[in-house]
Amino acid sequence: MQRNKYLPLMLCLILFLSCIFLPLQPAAAGTVQVGEANVNVREGPGLSYNVLKKVNKGDTFSFIKQEGDWYQIDIGSGKKAWIASWLVTKKETVAPADGSIKGNVTANSVRVRTGPGTSHSVLGALNKGDTVEILKSEANWYQVNSSFGKGWISKDYLQTKKETTTGGNIGTITATSLNVRSTPSTQGQSLGSLKKGEQITVLSHHNGWIEITFKNQQAWISSEYVKLESDTGTSVPPAKSNSNLSGITGSVTAASLNVRDSGSLNGKVIGSVSKGERVKILEEVNGWVKIELNSGKNGWIAGWYIEKSIPSQAPSSNSSPKNSSLTIDHNGTNIRSAPDLRAKVVARANAGDKFSIVNIHKDWYEVKLANGKSGYVAGWIVTVSNGVPQIKKIGTSSDIKNQKIMIDPGHGGRDNGATGAKGSLEKNLTLKTAQLLANKLKAQGAKVFMTRSNDQYLALSSRVSMAHYQNVDAFISLHYDSIDNYTVKGMTSYYYHSHQKGLASSIHNAVIKQTKLNDRGVRQGDYHVIRENKQLAVLLELGYISNPTEELMVNTSQYQEQVTNAIVQGVVTYFK
């Protein structure tokens, strides 16, 4: 009983000491800003955790720590939550020092990682010519400060240079009013604007954006509206203008498109045009097209929302469509009920199919179908026989021009993937196919990214993060299959989300037709790179290397040519 009177005193002492020696919570390092509307904030670092709340574009939270592709943040009142890193912009303030070291990226799609080694997850990717600030060095890696925060880059892909205290090039604003943004994107938060004639100091370049200091903070402006001066004081040549567009018209592809008084998003809106509306093109500058409106006034619209074509040509006395025919150039070509892209599709044709030409309607050919009825096919996707004019589509050489496509060669590094009956490694085959495919897609005008371009390991989550970071239009994961039963052979294509099935089917059908592989079908597959991918994504198993005969075949240059040609055709058909 005598000891009990000291018990309260001892408990108080224990509580006091525990408060002193409890480990301190690490302070938040920077902030994250939400880049999209209605973003889920979850209980843990993964899509399987419960949603705590939704946050909106522009909301900013204190950053606590990172785990894989997820950031832990402080959502207020002492509560912590997790948000996907690809939906936010992480900002860290790094005090620049006089004479600090800058580095220029020397290759495209160079991965920036969370730590100094390929085992660390990928934060994003930089392209050739991007400039970063080097913070420190460790082994063969540099820690850098890039547009999406601190990260690590291999020294093999960074050329260093000493930055003088006088800063970079001087630029002069050429637009009437130029938005200043928080990130190098039109989705970045507007921080204010600069007026025509104002001068800025260029800190770095990134994918068509210039980094500047604005109101004592890091900011970005479009390089399109900045006239730079070189070290010799001469100006960079102005953007090219194409004014030789006499007689060329275009069809609007956007549902509703603003017409502005100048070729810029900063131009005043003076009207609008609708999808399918044809306009007369007067001039083209920096991707903007000057058009003539029905009212007789002139205005500017974004050129990436218009399909240009030459004016229709009436057949001359010696160019009658009688006894003339056309040949379809592409598989899956639509034949419509009227000469209009909005008209109902009444039939589909494949490459090589021939039709008799009945008449010419602007830039469409009227053809005779097997049922005796007429249909209409766009003149720029067919080849005609002698006697009628060949209608050409101007402005794009391919239906995938400027489409951003990411190729994912499966496995790599310590992950060999499947091993063939005669020793072929899946990781080598996928890279071989990917490199050939990349070249062919580039030749079609696509913007191509590779998740890996050499034999290195890359986590599945990192592959998906790269697709999100680049905001690609299509993600194609390449694989070769294997099974204990060596008699099994053929190709299988996978999708996870229903909206991915169309691309998977288009590629699958093209490959089966060209390679004559055993058709194992288009199936739903629970694979990470397509399940967790927000972008249009498919996974292709291009043959069984556990089958000795098929292993030999897929290693041949003939097969590699066939399969990559077919994948390109499938992609083109889908985007058409």
# chains A, B, ... in the order shown; residues from 1 in each chain; ligands from 1
$ closest_atom_pairs --of "stretch 455-493 of chain A" --to "stretch 179-199 of chain A" --cutoff "12 Å" --atoms "only C-alpha atoms" --output "Markdown table"
| residue | atom | partner | partner_atom | distance |
| --- | --- | --- | --- | --- |
| A:Tyr469 | CA | A:Ser185 | CA | 11.8 |
| A:Gln470 | CA | A:Ser185 | CA | 11.6 |
| A:Asn471 | CA | A:Ser185 | CA | 11.7 |
$ residues_around --residues "stretch 373-385 of chain A" --least-positions-apart "3" --cutoff "6 Å" --atoms "only C-alpha atoms" --output "ChimeraX atom specification"
/A:324-329,335-339,363-369,391-393
$ atom_distance --atom1 "atom CA of A:Ala343" --atom2 "atom CA of A:Ser251"
14.1 Å
$ atom_distance --atom1 "atom CA of A:Glu43" --atom2 "atom CA of A:Tyr496"
24.7 Å
$ closest_residue --among "A:Val34, A:Leu429, A:Val112, A:Ala107" --to "A:Leu552" --atoms "only C-alpha atoms"
A:Leu429
$ residues_around --residues "A:Leu536" --least-positions-apart "3" --cutoff "7 Å" --atoms "only C-alpha atoms" --output "PyMOL selection string"
chain A and resi 473-475+500
$ write_last_selection --atoms "N, CA and C atoms" --output "compact mmCIF listing (two decimals), in the first residue's frame"
# COMPACT_ATOMS: atom_id res chain seq x y z
N ASP A 473 -1.30 8.62 -76.64
CA ASP A 473 -2.58 8.25 -77.25
C ASP A 473 -2.76 6.74 -77.31
N ALA A 474 -1.66 6.00 -77.26
CA ALA A 474 -1.73 4.54 -77.26
C ALA A 474 -0.48 3.97 -76.61
N PHE A 475 -0.66 2.90 -75.84
CA PHE A 475 0.42 2.19 -75.15
C PHE A 475 0.37 0.74 -75.61
N GLN A 500 -10.44 -0.36 -74.44
CA GLN A 500 -9.17 -0.79 -75.04
C GLN A 500 -9.37 -1.88 -76.10
$ residues_around --residues "A:Arg113" --least-positions-apart "2" --cutoff "6 Å" --atoms "only C-alpha atoms" --output "number ranges by chain"
A: 115, 120-123, 151-152
$ residues_around --residues "stretch 455-468 of chain A" --least-positions-apart "3" --cutoff "10 Å" --atoms "only C-alpha atoms" --output "ChimeraX atom specification"
/A:68-69,84-87,109,111,113,118-125,404-416,427-428,431,449-452,471-475,477,527-537
$ closest_residue --among "A:Val110, A:Asp74, A:Val41, A:Gln514" --to "A:Glu561" --atoms "only C-alpha atoms"
A:Gln514
$ residues_around --residues "A:Asn402" --least-positions-apart "6" --cutoff "9 Å" --atoms "only C-alpha atoms" --output "list of chain:residue names"
A:Gln444, A:Gly445, A:Ala446, A:Lys447
